Every structure is written in C-alpha cells, then in structure tokens.
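Colleague: Structure provided below as structure tokens; questions to follow.
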Amino acid sequence: MTKGIRAIRGFRDIPPEEAWKLSYIEDRTQEHFQRYGYREIRLPMVEFTELFARGIGEATDIVEKEMYTFLDRNGQSLSLRPEGTASAVRAYIEGGWKSQHGITKVYYSGPMFRYERPQKGRYRQFYQLGLEAIGGAGPLVDAEVIDLLHRLFLVVEVQDVRILVNSLGCGKCRPDFRVRLLEYLTGVARELCSNCRRRMESNPLRVLDCKVPGCRSALEKVPVMLDYLCAECEDHFSAVREALDGLEVPYNVDPRIVRGLDYYNRTAFEAVCDRLGSQNAVAAGGRYDGLAKEIGGDAPGIGFAMGLERLGLIMNWDDVVPENPDYYVAAATSSARIPALELGDRLRALGFSVEVDLEDRSLKAQLRSANRMGIDSVLILGDDELSGGTVTLKDFVEKIQREVPLEEFMKEVMAAGTGPERR
RNA sequence: GUGAGCGUAGCUCAACAGGUUAGAGCGCUGGACUGUGGCUCCAGAGGCUGAGGGUUCGAUCCCCUUCGUUCACCCCA
C-alpha cells in the first residue's frame with residue numbers, strides 16, 4: 001500500500017462516490033448563476049506570476065508562501081492559479097470587454113492551487129466556483145451578488161450558513177483608520193497574544209478576528225472600520241444594506257470580516273458554517289475596485305468564490321441520491337455472453353444505462369452484482385432464451401420473473417420507454 | 001513553516017506488561033442451491049505489521065531516523 005507512485009501531498013483523487021457530489025453542486029450552482037445572467041468563462045490555470053503578485057498583493061500569505069511558482073522553458077515565472085478573480089479581471093482587460101454594453105457577468109469553475117498544509121476541508125488542489133461582476137460600481141451590484149449567494153444556499157439545501165458583511169472602506173478612508181487602529185493596538189499590546197503582537201506589524205486588521213479570549217477582551221473598544229468610513233463609502237454601504245433588507249436577505253454586519261487579499265475595498269462578505277473543522281468559510285468575496293488598475297486596466301468589480309469540497313461537507317445529501325443503472329443483462333451460459341453485450345447496446349441506444357458482466361462470472365455472481373448495484377431489473381439470456389428468441393425478465397422489487405419474446409420486450413420498453421433523461 | 005496523533009489483509013480495526021504459526025468483521029471468489037440476488041451456513045484467496053537502523057534470546061509492541069497520513073496553529077474557499 002505504500003509501494004508505487006502515489007499522488008502528491010494535498011493532491012487527492014476524488015473517487016466516483018464523491019465526485020458525483022461535486023458535479024451535482026456544480027450543476028445546480030451553474031444553473032443558479034445563469035438565472036442571474038452570469039455566463040461561463042474558462043480561464044487558464046497558469047498565469048504569469050506577476051498577475052497574482054500585483055493583483056493579490058505582494059505581502060499576502062498567498063503570494064508570499066502559498067503559490068506554486070516555477071520557471072517555464074523560456075525562463076518566465078509562471079504560477080498555478082491560487083484563485084480566479086485576478087484571471088477574470090485580466091481577461092476582461094485583455095479582451096477589451098469594457099467596450100461591451102453593461103456589466104460583464106461571468107462565472108468560472110475549476111481547481112485552484114495553494115501550497116498549504118492539508119487538513120480538513122483544505123487541500124493543495126481544491127475546487128472553486130466563483131463569479132465576477134465587472135464594470136459596475138453601484139451598490140445594487142453588491143446587493144444582487146449577495147442575494148444570489150444567499151439564494152444559492154436555498155437551492156442546494158444547506159442549513160447553518162450565515163452571511164456576514166462588512167465594509168473595508170477605500171483608499172481614501174482606510175489609511176486613516178489604520179493609523180487609529182495601530183494607536184489603539186499599541187496601547188493594549190501587553191494584553192495581546194504573541195500572535196497578535198506579530199500581526200500588528202504584518203497585518204493589523206487581522207488582529208480583529210483573533211479568537212484568543214485575552215485578545216477579545218482587550219479589543220472590546222477597538223475602533224472598527226465602519227466608524228471611519230468616508231462619506232462615499234458610508235453611502236455605498238448603507239445602500240447595499242438597504243437593498244439587502246428590501247430583498248429580505250438575512251445577514252449580519254460583522255466588523256471583524258477582513259479579507260486576506262489586498263485588492264478588496266468597500267463591501268466584503270463571507271458565508272460561514274461551524275461544521276467545517278477549523279475552517280469556517282464556505283464562500284467569500286467582495287468588491288475590488290482597485291484591482292484592475294494594478295494590472296493595467298481600470299474597472300470596478302465585485303465577486304466571490306466558494307469551495308466545492310467545503311460546500312459538499314456541509315450539504316444535506318439525504319434527499320439526493322446518485323442514479324443507479326436501469327438494467328443488468330446477465331448471461332446464464334457462455335454462448336450468451338456476446339448476445340448479452342448486444343442487448344445491452346440496444347437498450348443503451350434507447351437511453352438506458354445498462355450493466356453487463358465482463359468477467360465470465362457465474363449467473364449467481366452476476367445477480368449478486370446487480371443486487372449490490374441497486375439495479376432492480378435484470379435481463380437473463382441463456383441457451384434457452386437464445387434458441388427461443390426470448391429473454392427472461394427478473395424484477396428484484398416485485399420478485400417476479402417471466403420469459404417473454406425478446407422483440408416484444410423491446411417494443412414494450414420503447415413504448416413505455418421514454419428513454420429516461422440522463423444526466 | 002510549527003505542534004500533536006496515527007501507519008497491521010482491498011476497507012474498518014484486534015493482538016494481556018516485548019513471547020511461539022499476526023486475528024476478526026466487512027468486501028471478494030467458490031460451494032450448500034447442475035441457469036437465479038437479498039438472509040443463513042461452509043470453504044478459499046488475500047500480510048516483508050509503511051521503510052531503514054538499533055536494543056533484546058525474541059519486536060506489531062521499546063528507541064532513533066525517514067516517508068506517508070490525520071487534526072490543529074498560521075492562513076484561507
């Protein structure tokens with residue numbers, strides 16, 4: 001079990017038992033996004049390192065220590081994408097989509113890569129589904145995006161998810177706030193944990209969401225961004241909230257919401273759940289009006305991404321069952337092996353999914369397989385059936401069995417048929 | 001990058017304080033039932049106990065190293 005080549009740490013195989021769930025989430029989510037006018041965009045999984053360095057921010061953890069970066073054969077520094085927003089905005093600029101009318105609304109789905117220690121709900125290759133609304137600066141865009149996210153959780157039946165929103169201010173008001181925050185933190189530095197004292201230097205905003213009790217009490221009167229918003233940001237944020245209230249989207253304003261990426265401004269939001277191990281974010285996003293400028297364009301935007309594995313972890317799967325095959329064709333004798341395969345093909349041509357034994361196993365073993373696979377209808381072919389042009393139908397549920405002319409059976413199937421729509 | 005736990009059959013796990021031939025359940029294959037599933041019974045296949053070194057008369061067990069894995073910290077989706 002330890003022999004041979006295995007998957008890279010943090011890069012796991014998603015077996016069929018699990019993969020169908022991710023597909024299910026993707027399907028439901030994409031339908032949902034499309035109802036809001038979002039269209040799929042396929043983005044490269046590798047970009048120039050510079051895109052992420054400038055877009056996400058040189059000083060962020062992602063860029064500093066979590067990217068898969070390498071030189072290609074031309075000596076250019078490339079990186080596996082750690083997230084999708086930077087690419088989407090790059091595509092917007094590169095494609096000149098600004099000239100199109102209205103807001104560009106796109107969604108993407110696929111693997112992201114981050115060099116982190118794997119743990120529950122966290123892998124080095126993980127799957128994200130995200131969307132971006134680029135080119136719109138107004139608060140209604142923010143509200144619709146958050147509304148869409150809220151309603152997505154209704155569609156995929158996830159309970160226990162809370163939506164938290166905050167405003168991070170803008171380039172005008174955030175620097176002031178930062179100064180006030182640092183003043184305060186310096187004052188209470190003795191009461192903070194060692195982590196937070198370190199964070200004061202690296203990323204003071206992060207101190208706000210420390211969970212250590214001592215820090216929490218020391219931070220009771222900490223200034224929050226919301227109290228320092230400039231007039232424009234204040235107006236924007238209250239307009240967003242007004243719209244959310246009008247749409248009856250349940251949310252909480254949480255001043256401790258901070259984003260780990262530099263490009264965010266104004267509206268930031270997270271969907272969190274407690275049943276996710278130490279991770280609690282299922283989806284997160286926000287506005288990034290300054291991002292495009294960093295990479296050679298100019299456009300406001302907002303978007304979010306959600307972790308498919310994490311969503312899969314908290315979804316209620318009780319009412320969602322994978323479909324079993326419709327028929328099992330069993331060969332009772334060796335001369336019926338190929339005719340069994342043929343019959344399988346005929347049924348498949350009608351849209352059914354059919355299993356046929358390929359291992360020359362006994363009839364008993366074949367029936368056992370059918371039963372294990374949850375297949376209710378078995379068709380048996382043997383020498384008797386072949387010589388008589390019949391097929392034996394066995395129904396595990398009704399517990400009945402009868403032998404009928406093969407062509408008659410096929411006609412029945414076609415008539416009642418309506419080849420079930422498969423997914 | 002840091003810390004802790006765990007690596008025994010395909011899977012989930014046993015093996016009193018180091019002791020003889022490493023067991024069980026599930027799964028798989030066959031049989032009881034000459035061409036008939038589920039339930040039951042019987043049989044069989046399947047192990048360099050993650051790898052390497054050490055202590056010992058003797059190591060799955062103790063020690064060291066290494067690899068893998070899980071969870072947590074950090075951080076994030």
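Convention: chains lettered A, B, ... in structure tokens order; per-chain residue numbering from 1; ligands numbered from 1 as shown.
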Give me the residues within 7 Å of segment 19-27 of chain A as a tab-separated table (two decimals) with N, CA and C atoms, in the first residue's frame, counting only C-alpha atoms (C1' of nucleotides) and dropping any in the same chain fewer than 5 places off.
Modeller:
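Result file part-v6.tsv:
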chain	number	residue	atom	x	y	z
A	14	ILE	N	-10.44	12.14	-6.30
A	14	ILE	CA	-11.81	12.22	-5.85
A	14	ILE	C	-12.54	11.07	-6.51
A	308	LEU	N	-15.88	24.11	-3.32
A	308	LEU	CA	-16.79	22.99	-3.59
A	308	LEU	C	-16.71	21.91	-2.54
A	312	GLY	N	-19.65	20.68	-0.14
A	312	GLY	CA	-20.04	19.28	-0.12
A	312	GLY	C	-20.06	18.72	1.30
Colleague: Would you please extract all alpha helix (DSSP H) residues from segment 106-281 of chain A, as assigned by DSSP on the backbone, and give them as a PyMOL selection string?
Modeller: chain A and resi 139-155+174-188+194-202+204-207+213-218+231-246
Colleague: Please compute the atom CA of Asn74 of chain A-atom CA of Gly297 of chain A distance, one decimal, in Å.
Modeller: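 Separating atom CA of Asn74 of chain A from atom CA of Gly297 of chain A is a distance of 26.3 Å.
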Colleague: Write out, as JSON lines, each residue of chain B that has an atom at most 12 Å from chain A, together with the closest pair of atoms and their distance in Å to one decimal, counting only C-alpha atoms (C1' of nucleotides), rows going by chain and rising number.
Modeller:
{"residue": "B:G1", "atom": "C1'", "partner": "A:Lys65", "partner_atom": "CA", "distance": 9.4}
{"residue": "B:U2", "atom": "C1'", "partner": "A:Arg117", "partner_atom": "CA", "distance": 10.9}
{"residue": "B:G7", "atom": "C1'", "partner": "A:Thr2", "partner_atom": "CA", "distance": 10.0}
{"residue": "B:U8", "atom": "C1'", "partner": "A:Met1", "partner_atom": "CA", "distance": 11.7}
{"residue": "B:A9", "atom": "C1'", "partner": "A:Met1", "partner_atom": "CA", "distance": 10.8}
{"residue": "B:G10", "atom": "C1'", "partner": "A:Met1", "partner_atom": "CA", "distance": 9.8}
{"residue": "B:G27", "atom": "C1'", "partner": "A:Arg372", "partner_atom": "CA", "distance": 11.5}
{"residue": "B:C28", "atom": "C1'", "partner": "A:Ala365", "partner_atom": "CA", "distance": 10.9}
{"residue": "B:U29", "atom": "C1'", "partner": "A:Ala365", "partner_atom": "CA", "distance": 9.3}
{"residue": "B:G30", "atom": "C1'", "partner": "A:Ser362", "partner_atom": "CA", "distance": 9.9}
{"residue": "B:G31", "atom": "C1'", "partner": "A:Lys364", "partner_atom": "CA", "distance": 11.6}
{"residue": "B:C33", "atom": "C1'", "partner": "A:Lys364", "partner_atom": "CA", "distance": 10.1}
{"residue": "B:G35", "atom": "C1'", "partner": "A:Ala332", "partner_atom": "CA", "distance": 5.5}
{"residue": "B:U36", "atom": "C1'", "partner": "A:Lys364", "partner_atom": "CA", "distance": 6.1}
{"residue": "B:G37", "atom": "C1'", "partner": "A:Arg368", "partner_atom": "CA", "distance": 4.7}
{"residue": "B:G38", "atom": "C1'", "partner": "A:Asn371", "partner_atom": "CA", "distance": 7.3}
{"residue": "B:G47", "atom": "C1'", "partner": "A:Met1", "partner_atom": "CA", "distance": 11.0}
{"residue": "B:G50", "atom": "C1'", "partner": "A:Thr2", "partner_atom": "CA", "distance": 5.8}
{"residue": "B:A51", "atom": "C1'", "partner": "A:Thr2", "partner_atom": "CA", "distance": 8.9}
{"residue": "B:C67", "atom": "C1'", "partner": "A:Thr2", "partner_atom": "CA", "distance": 9.3}
{"residue": "B:G68", "atom": "C1'", "partner": "A:Thr2", "partner_atom": "CA", "distance": 7.9}
{"residue": "B:U69", "atom": "C1'", "partner": "A:Arg9", "partner_atom": "CA", "distance": 9.3}
{"residue": "B:U70", "atom": "C1'", "partner": "A:Gln119", "partner_atom": "CA", "distance": 7.4}
{"residue": "B:C71", "atom": "C1'", "partner": "A:Gln119", "partner_atom": "CA", "distance": 6.8}
{"residue": "B:A72", "atom": "C1'", "partner": "A:Ser278", "partner_atom": "CA", "distance": 7.8}
{"residue": "B:C73", "atom": "C1'", "partner": "A:Ser278", "partner_atom": "CA", "distance": 10.0}
{"residue": "B:C74", "atom": "C1'", "partner": "A:Asn195", "partner_atom": "CA", "distance": 9.2}
{"residue": "B:C75", "atom": "C1'", "partner": "A:Asp61", "partner_atom": "CA", "distance": 6.9}
{"residue": "B:C76", "atom": "C1'", "partner": "A:Gly260", "partner_atom": "CA", "distance": 7.5}
{"residue": "B:A77", "atom": "C1'", "partner": "A:Gly307", "partner_atom": "CA", "distance": 4.3}
Colleague: If DSSP is run on the backbone, what residues of segment 170-370 of chain A are strand (DSSP E)? A reply as a short mmCIF file (atom, residue, chain, number, x, y, z; two decimals) with N, CA and C atoms, in the first residue's frame would be ideal.
Modeller:
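Listing of part_27.cif after writing:
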data_model
loop_
_atom_site.label_atom_id
_atom_site.label_comp_id
_atom_site.auth_asym_id
_atom_site.auth_seq_id
_atom_site.Cartn_x
_atom_site.Cartn_y
_atom_site.Cartn_z
N ASN A 252 -25.62 39.42 8.74
CA ASN A 252 -25.17 40.19 9.90
C ASN A 252 -24.02 41.07 9.48
N VAL A 253 -24.01 42.27 9.99
CA VAL A 253 -22.85 43.11 9.77
C VAL A 253 -21.80 42.68 10.78
N ASN A 265 -11.99 46.24 -1.47
CA ASN A 265 -12.36 47.51 -0.86
C ASN A 265 -13.87 47.49 -0.65
N ARG A 266 -14.34 48.43 0.10
CA ARG A 266 -15.78 48.54 0.38
C ARG A 266 -16.39 47.19 0.80
N THR A 267 -17.41 46.75 0.09
CA THR A 267 -18.16 45.59 0.54
C THR A 267 -17.33 44.30 0.57
N ALA A 268 -17.32 43.66 1.74
CA ALA A 268 -16.69 42.34 1.86
C ALA A 268 -17.70 41.44 2.55
N PHE A 269 -17.73 40.20 2.13
CA PHE A 269 -18.70 39.30 2.77
C PHE A 269 -18.19 37.87 2.81
N GLU A 270 -18.76 37.11 3.71
CA GLU A 270 -18.38 35.72 3.89
C GLU A 270 -19.62 34.91 4.20
N ALA A 271 -19.63 33.69 3.74
CA ALA A 271 -20.65 32.74 4.16
C ALA A 271 -19.93 31.72 5.03
N VAL A 272 -20.35 31.61 6.27
CA VAL A 272 -19.62 30.75 7.19
C VAL A 272 -20.51 29.67 7.78
N ALA A 281 -15.13 29.24 6.46
CA ALA A 281 -15.62 29.94 5.28
C ALA A 281 -16.00 28.98 4.17
N VAL A 282 -17.23 29.08 3.72
CA VAL A 282 -17.69 28.27 2.60
C VAL A 282 -17.54 29.07 1.31
N ALA A 283 -17.82 30.35 1.43
CA ALA A 283 -17.71 31.24 0.29
C ALA A 283 -17.32 32.60 0.82
N ALA A 284 -16.61 33.34 0.01
CA ALA A 284 -16.22 34.66 0.45
C ALA A 284 -15.89 35.53 -0.75
N GLY A 285 -16.08 36.80 -0.58
CA GLY A 285 -15.79 37.68 -1.70
C GLY A 285 -15.93 39.12 -1.31
N GLY A 286 -15.98 39.95 -2.31
CA GLY A 286 -16.11 41.37 -2.03
C GLY A 286 -15.81 42.21 -3.25
N ARG A 287 -15.84 43.48 -3.02
CA ARG A 287 -15.62 44.44 -4.09
C ARG A 287 -14.13 44.71 -4.26
N GLY A 301 -15.34 46.23 -9.76
CA GLY A 301 -15.84 44.86 -9.86
C GLY A 301 -16.15 44.30 -8.49
N ILE A 302 -16.91 43.21 -8.50
CA ILE A 302 -17.21 42.52 -7.26
C ILE A 302 -17.45 41.06 -7.59
N GLY A 303 -17.12 40.19 -6.67
CA GLY A 303 -17.32 38.77 -6.94
C GLY A 303 -17.10 37.95 -5.70
N PHE A 304 -17.30 36.68 -5.83
CA PHE A 304 -16.99 35.79 -4.71
C PHE A 304 -16.61 34.42 -5.26
N ALA A 305 -16.03 33.61 -4.40
CA ALA A 305 -15.72 32.24 -4.76
C ALA A 305 -16.15 31.34 -3.63
N MET A 306 -16.55 30.14 -3.97
CA MET A 306 -16.87 29.21 -2.90
C MET A 306 -16.14 27.90 -3.10
N GLY A 307 -15.84 27.24 -2.00
CA GLY A 307 -15.11 26.00 -2.04
C GLY A 307 -16.05 24.84 -2.22
N TYR A 327 -30.71 -1.30 -16.07
CA TYR A 327 -30.79 -2.75 -16.32
C TYR A 327 -29.47 -3.44 -16.11
N TYR A 328 -29.59 -4.72 -15.75
CA TYR A 328 -28.40 -5.57 -15.71
C TYR A 328 -28.70 -6.72 -16.65
N VAL A 329 -27.85 -6.93 -17.60
CA VAL A 329 -28.05 -8.07 -18.51
C VAL A 329 -27.11 -9.18 -18.08
N ALA A 330 -27.69 -10.29 -17.67
CA ALA A 330 -26.89 -11.42 -17.18
C ALA A 330 -26.85 -12.53 -18.22
N ALA A 331 -25.69 -13.12 -18.36
CA ALA A 331 -25.54 -14.25 -19.28
C ALA A 331 -25.53 -15.53 -18.46
N VAL A 354 -26.95 0.55 -18.71
CA VAL A 354 -27.01 -0.91 -18.60
C VAL A 354 -25.67 -1.48 -18.19
N GLU A 355 -25.72 -2.42 -17.30
CA GLU A 355 -24.51 -3.09 -16.84
C GLU A 355 -24.51 -4.53 -17.38
N VAL A 356 -23.36 -4.95 -17.89
CA VAL A 356 -23.24 -6.32 -18.36
C VAL A 356 -21.94 -6.90 -17.81
#
Colleague: Would you please work out which residue, of B:C6, B:G54, B:C63, B:U12, is nearest to A24 of chain B when using only C-alpha atoms (C1' of nucleotides)?
Modeller: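 Answer, going by the shortest atom-to-atom distance: B:U12.
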Colleague: At what distance in Å, to one decimal, does atom CA of Phe352 of chain A lie from atom CA of Gly374 of chain A?
Modeller: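 Going from atom CA of Gly374 of chain A over to atom CA of Phe352 of chain A covers 14.8 Å.
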Colleague: Record the distance separating atom CA of Ser217 of chain A and atom CA of Leu192 of chain A, expressed in Å with one decimal.
Modeller: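 About the pair atom CA of Ser217 of chain A and atom CA of Leu192 of chain A: they are 9.3 Å apart.
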Colleague: Nearest to Ser202 of chain A among A:Val391, A:Glu132, A:Ala59, A:Val179, with distances taken over only C-alpha atoms: which residue is it?
Modeller: A:Ala59
Colleague: In terms of the shortest atom-to-atom distance over only C-alpha atoms (C1' of nucleotides), which of B:G44, B:G3, B:G53, B:G19 is closest to U65 of chain B?
Modeller: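 Closest residue, counting only C-alpha atoms (C1' of nucleotides): B:G53.
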